[in-house]
Every structure is written in C-alpha cells, then in structure tokens.
Amino acid sequence: MLQKMKNMRWASQLSFFFLINAGLLLTAVGIAIFKTPNHFALGGTSGMAIVLSTLFPKVNVGGFMWVINAVLVVIGFVFLGVHAMGWTVYSSFALSAYVSLIEALVPLTEPLTNDTLLELCFAVFLPAVGSAVVFNIGASTGGTDIVAMILTKYTSLEIGKALMVSDAAIVVTAAWLYGPATGLYCILGLITKAFVVDGAIESINLRKVCTVVTSNPEGVKKFILEDLNRSATVEQAYGAYTHQEMEVLMTVLTRQQAAALRNYLRKNDPHAFITIVNSSEIIGKGFRNI
C-alpha cells in the first residue's frame, strides 16, 4: 500500500513537471516566434523585454527576460520570502531559458508571414493557452505574477487594475516606438489575452454535471459505476404529475462519458429524464483538490 502511494505521488509530480514545462514552452514559442518579430509588446515581462531589446539592440528579448525575471525574483525573495515563491522561481527562469533557446534555434529578423492579424492571433493564443495550463495546475509563469503577489500581500490595491496599468504603459511605449498600427494591434491583443486565458482554463476543466430522473435506476447506477468508473449521488423523489416513485441520480462526467450515458439511456431507459450542465469548477475527490 505504501509503495502504491509512493508511485501515485511520483506520477503526480511527474505529471505536474511535464505540464508546467509544456505550458512554459507554448508561451515561449508565442513570444519568440510571433510576439518578438512583430513587436507585439502586450505587457508583462515579455512586453518589457521587446521594448528594451529595441532600445538596446545588442541584447535580444531572451536576454532581457533573464535580467527582468532575475530582478523580480530577488524582489520576491525580499518581500515574500523564499518559501512563498515556490515554483514561481523555476517558471521565471525556465521561461527565459525557453525563449533564449527558441531564439537561438529559430532566429527571426522579420515576421514569419505577411499577415499581421494572423500573427497576432498566434501571439495571443499560444501564450494564453500556455499560461492557462500552468495556472490550472496551481503554478504561475512568474514575471509580473510576482508583482501581483507582493501587491496582494501588502496593499488593498486591485491587482487586475494595477497590472492593467503597467501593461497599458508598455503598450503606449510600443505605439511610440513602432507606430500607431503596431500600437493598435497591441491594444487588441491585450484585450483579447484575458478572455482567451479564461476561456482556455474553463475548457481544460470543463465537466458535465448530469442529473438523471428514472424509475429504473439499477441499470443506470451499474452503468455509471462499472462502465464509466464514476460514482453518483442518489435521491428519492416522485413525479408531481404521475405521483410515481423514482430516483434522481447526479453525477459529474467528462464530455465523452456524458455522451456515453446519454446513448445508454436512449437505448435502455428511453423514458428517463436527463439534464446536462457544463461546469468548470468541480472540486473534490477524483477532480481538483480543495
């Protein structure tokens, strides 16, 4: 039993490490391949690095990200302590390393395509999905997240507004350096980024809350327990119109499992009543920890 628990813990840690690096790598690809060549300074450490690499062209974006993240990590140690920083330290330097690696492997002096809007879509989408993956496992991509952690601890300032102000300052600087067209693209990307991150997190966590009302519950319960390998909450009820005794089963399933349950009911219990509701916040055993 002890060995099994150790194996499960090891598998969980391995999964966490894989996901955090996958998310950071996606973010780095978006920065190095799409943001940097187009000067899409959408805020954060990457936006600051893009602006600084233009003002001081001897250092590339990856180099400035190392410097900025190092400064922020030191500030985080001073104001938050070593233990509070957690995986943020790793994320900060790993993201800088991935950006530097991609810049070395795929050196771009101009945009990949001539379609600026297409480039903006990938410049927003890839880092947003990468950030969503990292946030979803309880980590962060570092950078300005450290500033947010400090502000949360020491002030009552609304973090979202504070970070939006700093991002807006970077965008204004980009518009001054690269022209109004790039500035407007940066504004569009900045606005879109928040929605894409939230949407990606919800999509990753999306589950189907299924409520089944049936007068023949045994087959349904067996199917949920044995075929879907899930559990269910059962309540006794009766029909307001028919006055017949019945049971209500509530279970939380993935998309594929919900479709399988619907198909099972269609074939085996056509008089059953089922409602299926989307939810991205399922907390408990078998899902996310509290």
# chains A, B, ... in the order shown; residues from 1 in each chain; ligands from 1

$ residues_around --residues "Phe16 of chain A" --least-positions-apart "5" --cutoff "9 Å" --atoms "only C-alpha atoms" --output "JSON, numbers by chain"
{"A": [11, 21, 137]}

$ residues_around --residues "Lys35 of chain A" --least-positions-apart "4" --cutoff "8 Å" --atoms "only C-alpha atoms" --output "list in words"
Gly30, Ile31, His39, Phe40, Ala41, Glu119, Leu120 and Ala123 of chain A

$ write_last_selection --atoms "N, CA, C and O atoms" --output "PDB file, in the first residue's frame"
ATOM      1  N   GLY A  30       5.142  31.375 -28.472  1.00  0.00           N
ATOM      2  CA  GLY A  30       4.357  32.560 -28.814  1.00  0.00           C
ATOM      3  C   GLY A  30       5.172  33.833 -28.738  1.00  0.00           C
ATOM      4  O   GLY A  30       5.045  34.726 -29.582  1.00  0.00           O
ATOM      5  N   ILE A  31       6.050  33.925 -27.728  1.00  0.00           N
ATOM      6  CA  ILE A  31       6.875  35.122 -27.558  1.00  0.00           C
ATOM      7  C   ILE A  31       7.939  35.225 -28.641  1.00  0.00           C
ATOM      8  O   ILE A  31       8.074  36.255 -29.312  1.00  0.00           O
ATOM      9  N   HIS A  39       6.936  42.920 -32.882  1.00  0.00           N
ATOM     10  CA  HIS A  39       6.959  43.956 -31.836  1.00  0.00           C
ATOM     11  C   HIS A  39       5.632  44.033 -31.090  1.00  0.00           C
ATOM     12  O   HIS A  39       5.197  45.122 -30.713  1.00  0.00           O
ATOM     13  N   PHE A  40       5.004  42.879 -30.873  1.00  0.00           N
ATOM     14  CA  PHE A  40       3.753  42.848 -30.120  1.00  0.00           C
ATOM     15  C   PHE A  40       4.077  42.878 -28.623  1.00  0.00           C
ATOM     16  O   PHE A  40       4.183  41.846 -27.963  1.00  0.00           O
ATOM     17  N   ALA A  41       4.239  44.070 -28.085  1.00  0.00           N
ATOM     18  CA  ALA A  41       4.521  44.234 -26.658  1.00  0.00           C
ATOM     19  C   ALA A  41       3.191  44.291 -25.914  1.00  0.00           C
ATOM     20  O   ALA A  41       2.615  45.357 -25.712  1.00  0.00           O
ATOM     21  N   GLU A 119      -0.624  36.667 -37.326  1.00  0.00           N
ATOM     22  CA  GLU A 119       0.484  36.614 -36.374  1.00  0.00           C
ATOM     23  C   GLU A 119       0.008  37.009 -34.977  1.00  0.00           C
ATOM     24  O   GLU A 119       0.415  36.404 -33.974  1.00  0.00           O
ATOM     25  N   LEU A 120      -0.857  38.025 -34.897  1.00  0.00           N
ATOM     26  CA  LEU A 120      -1.378  38.467 -33.602  1.00  0.00           C
ATOM     27  C   LEU A 120      -2.188  37.354 -32.940  1.00  0.00           C
ATOM     28  O   LEU A 120      -2.101  37.153 -31.722  1.00  0.00           O
ATOM     29  N   ALA A 123       0.214  35.042 -31.497  1.00  0.00           N
ATOM     30  CA  ALA A 123       0.936  35.713 -30.421  1.00  0.00           C
ATOM     31  C   ALA A 123       0.099  35.774 -29.142  1.00  0.00           C
ATOM     32  O   ALA A 123       0.642  35.784 -28.030  1.00  0.00           O
TER      33      ALA A 123
END

$ select_by_dssp --residues "segment 65-287 of chain A" --states "helix (DSSP H, G or I)" --output "MDAnalysis selection string"
chainID A and resid 65:80 82:85 87:105 116:136 144:154 159:178 180:205 217:227 255:268

$ residues_around --residues "Val74 of chain A" --least-positions-apart "6" --cutoff "12 Å" --atoms "only C-alpha atoms" --output "count of residues only"
12

$ closest_residue --among "A:Val165, A:Ala49, A:Arg207, A:Gly142" --to "Ala94 of chain A" --atoms "only C-alpha atoms"
A:Gly142

$ select_by_dssp --residues "segment 189-257 of chain A" --states "strand (DSSP E or B)" --output "PyMOL selection string"
chain A and resi 207-214+233-238+245-253

$ write_last_selection --atoms "C-alpha atoms" --output "PDB file, in the first residue's frame"
ATOM      1  CA  ARG A 207     -17.074  18.740 -16.962  1.00  0.00           C
ATOM      2  CA  LYS A 208     -20.680  17.717 -17.455  1.00  0.00           C
ATOM      3  CA  VAL A 209     -22.970  17.680 -14.413  1.00  0.00           C
ATOM      4  CA  CYS A 210     -25.607  15.083 -15.310  1.00  0.00           C
ATOM      5  CA  THR A 211     -28.888  14.704 -13.427  1.00  0.00           C
ATOM      6  CA  VAL A 212     -30.920  11.619 -14.339  1.00  0.00           C
ATOM      7  CA  VAL A 213     -34.528  11.103 -13.235  1.00  0.00           C
ATOM      8  CA  THR A 214     -35.557   7.491 -13.706  1.00  0.00           C
ATOM      9  CA  THR A 233     -25.421  10.789  -5.618  1.00  0.00           C
ATOM     10  CA  VAL A 234     -28.892   9.228  -5.375  1.00  0.00           C
ATOM     11  CA  GLU A 235     -32.030  10.910  -4.033  1.00  0.00           C
ATOM     12  CA  GLN A 236     -35.567   9.575  -3.641  1.00  0.00           C
ATOM     13  CA  ALA A 237     -38.254  11.561  -5.443  1.00  0.00           C
ATOM     14  CA  TYR A 238     -41.702  11.296  -7.002  1.00  0.00           C
ATOM     15  CA  GLU A 245     -41.789   6.905  -7.009  1.00  0.00           C
ATOM     16  CA  MET A 246     -38.461   7.427  -8.787  1.00  0.00           C
ATOM     17  CA  GLU A 247     -34.829   8.147  -8.114  1.00  0.00           C
ATOM     18  CA  VAL A 248     -32.678  11.114  -9.086  1.00  0.00           C
ATOM     19  CA  LEU A 249     -29.018  10.404  -9.833  1.00  0.00           C
ATOM     20  CA  MET A 250     -26.480  13.209 -10.014  1.00  0.00           C
ATOM     21  CA  THR A 251     -23.007  12.531 -11.406  1.00  0.00           C
ATOM     22  CA  VAL A 252     -20.111  14.536 -12.863  1.00  0.00           C
ATOM     23  CA  LEU A 253     -18.575  13.229 -16.081  1.00  0.00           C
TER      24      LEU A 253
END

$ atom_distance --atom1 "atom CA of Leu126 of chain A" --atom2 "atom CA of Gly189 of chain A"
12.0 Å

$ closest_residue --among "A:Tyr264, A:Tyr90, A:Tyr185, A:Trp66" --to "Lys222 of chain A" --atoms "only C-alpha atoms"
A:Tyr264

$ atom_distance --atom1 "atom CA of Asn263 of chain A" --atom2 "atom CA of Ser203 of chain A"
23.0 Å

$ closest_residue --among "A:Gln256, A:Asn136, A:Gln244, A:Ser280" --to "Asn205 of chain A" --atoms "only C-alpha atoms"
A:Ser280

$ closest_residue --among "A:Leu206, A:Ala260, A:Met65, A:Val59" --to "Ala97 of chain A" --atoms "only C-alpha atoms"
A:Met65

$ decode --residues "segment 144-225 of chain A" --atoms "C-alpha atoms" --output "JSON list (two decimals), in the first residue's frame"
[["chain", "number", "residue", "atom", "x", "y", "z"],
["A", 144, "THR", "CA", 4.65, 40.15, -13.24],
["A", 145, "ASP", "CA", 2.85, 37.47, -11.19],
["A", 146, "ILE", "CA", 5.49, 38.22, -8.54],
["A", 147, "VAL", "CA", 4.40, 41.88, -8.54],
["A", 148, "ALA", "CA", 0.80, 40.74, -8.14],
["A", 149, "MET", "CA", 1.75, 38.53, -5.17],
["A", 150, "ILE", "CA", 3.54, 41.44, -3.47],
["A", 151, "LEU", "CA", 0.64, 43.83, -4.04],
["A", 152, "THR", "CA", -1.79, 41.22, -2.70],
["A", 153, "LYS", "CA", 0.25, 40.84, 0.49],
["A", 154, "TYR", "CA", 0.99, 44.48, 1.28],
["A", 155, "THR", "CA", -1.77, 46.61, -0.25],
["A", 156, "SER", "CA", -5.50, 46.67, -0.86],
["A", 157, "LEU", "CA", -4.93, 47.68, -4.47],
["A", 158, "GLU", "CA", -6.96, 45.75, -7.03],
["A", 159, "ILE", "CA", -4.37, 43.53, -8.72],
["A", 160, "GLY", "CA", -6.11, 43.32, -12.08],
["A", 161, "LYS", "CA", -6.22, 47.10, -12.39],
["A", 162, "ALA", "CA", -2.62, 47.53, -11.25],
["A", 163, "LEU", "CA", -1.32, 45.03, -13.79],
["A", 164, "MET", "CA", -3.54, 46.52, -16.48],
["A", 165, "VAL", "CA", -1.99, 49.93, -15.85],
["A", 166, "SER", "CA", 1.52, 48.52, -16.20],
["A", 167, "ASP", "CA", 0.56, 46.63, -19.36],
["A", 168, "ALA", "CA", -1.06, 49.77, -20.78],
["A", 169, "ALA", "CA", 2.18, 51.71, -20.18],
["A", 170, "ILE", "CA", 4.11, 49.07, -22.14],
["A", 171, "VAL", "CA", 1.58, 49.21, -24.98],
["A", 172, "VAL", "CA", 1.82, 53.03, -25.14],
["A", 173, "THR", "CA", 5.60, 52.76, -25.32],
["A", 174, "ALA", "CA", 5.26, 50.19, -28.13],
["A", 175, "ALA", "CA", 2.97, 52.55, -30.06],
["A", 176, "TRP", "CA", 5.55, 55.32, -29.68],
["A", 177, "LEU", "CA", 8.42, 53.08, -30.83],
["A", 178, "TYR", "CA", 6.77, 51.06, -33.60],
["A", 179, "GLY", "CA", 3.96, 53.31, -34.81],
["A", 180, "PRO", "CA", 0.18, 53.54, -34.31],
["A", 181, "ALA", "CA", -0.63, 50.37, -36.31],
["A", 182, "THR", "CA", 1.50, 48.16, -34.04],
["A", 183, "GLY", "CA", 0.17, 50.03, -31.02],
["A", 184, "LEU", "CA", -3.42, 49.30, -32.02],
["A", 185, "TYR", "CA", -2.57, 45.62, -32.59],
["A", 186, "CYS", "CA", -1.03, 45.56, -29.12],
["A", 187, "ILE", "CA", -4.19, 47.04, -27.59],
["A", 188, "LEU", "CA", -6.30, 44.46, -29.42],
["A", 189, "GLY", "CA", -4.02, 41.66, -28.24],
["A", 190, "LEU", "CA", -4.00, 42.92, -24.65],
["A", 191, "ILE", "CA", -7.80, 42.93, -24.50],
["A", 192, "THR", "CA", -8.12, 39.55, -26.20],
["A", 193, "LYS", "CA", -5.49, 37.90, -24.00],
["A", 194, "ALA", "CA", -7.58, 37.98, -20.81],
["A", 195, "PHE", "CA", -10.60, 36.40, -22.49],
["A", 196, "VAL", "CA", -8.53, 33.66, -24.14],
["A", 197, "VAL", "CA", -6.81, 32.71, -20.86],
["A", 198, "ASP", "CA", -10.13, 32.45, -19.01],
["A", 199, "GLY", "CA", -11.70, 30.51, -21.88],
["A", 200, "ALA", "CA", -8.75, 28.11, -22.07],
["A", 201, "ILE", "CA", -8.85, 27.40, -18.33],
["A", 202, "GLU", "CA", -12.59, 26.74, -18.45],
["A", 203, "SER", "CA", -12.18, 24.46, -21.46],
["A", 204, "ILE", "CA", -9.44, 22.44, -19.74],
["A", 205, "ASN", "CA", -11.57, 21.96, -16.61],
["A", 206, "LEU", "CA", -14.92, 21.55, -18.35],
["A", 207, "ARG", "CA", -17.07, 18.74, -16.96],
["A", 208, "LYS", "CA", -20.68, 17.72, -17.46],
["A", 209, "VAL", "CA", -22.97, 17.68, -14.41],
["A", 210, "CYS", "CA", -25.61, 15.08, -15.31],
["A", 211, "THR", "CA", -28.89, 14.70, -13.43],
["A", 212, "VAL", "CA", -30.92, 11.62, -14.34],
["A", 213, "VAL", "CA", -34.53, 11.10, -13.24],
["A", 214, "THR", "CA", -35.56, 7.49, -13.71],
["A", 215, "SER", "CA", -37.98, 4.87, -12.38],
["A", 216, "ASN", "CA", -35.46, 2.10, -13.29],
["A", 217, "PRO", "CA", -32.31, 3.26, -11.50],
["A", 218, "GLU", "CA", -30.40, -0.01, -11.01],
["A", 219, "GLY", "CA", -29.20, -0.33, -14.60],
["A", 220, "VAL", "CA", -28.21, 3.34, -14.73],
["A", 221, "LYS", "CA", -26.28, 3.10, -11.45],
["A", 222, "LYS", "CA", -24.48, -0.02, -12.65],
["A", 223, "PHE", "CA", -23.55, 1.65, -15.93],
["A", 224, "ILE", "CA", -22.15, 4.73, -14.13],
["A", 225, "LEU", "CA", -20.21, 2.70, -11.58]]
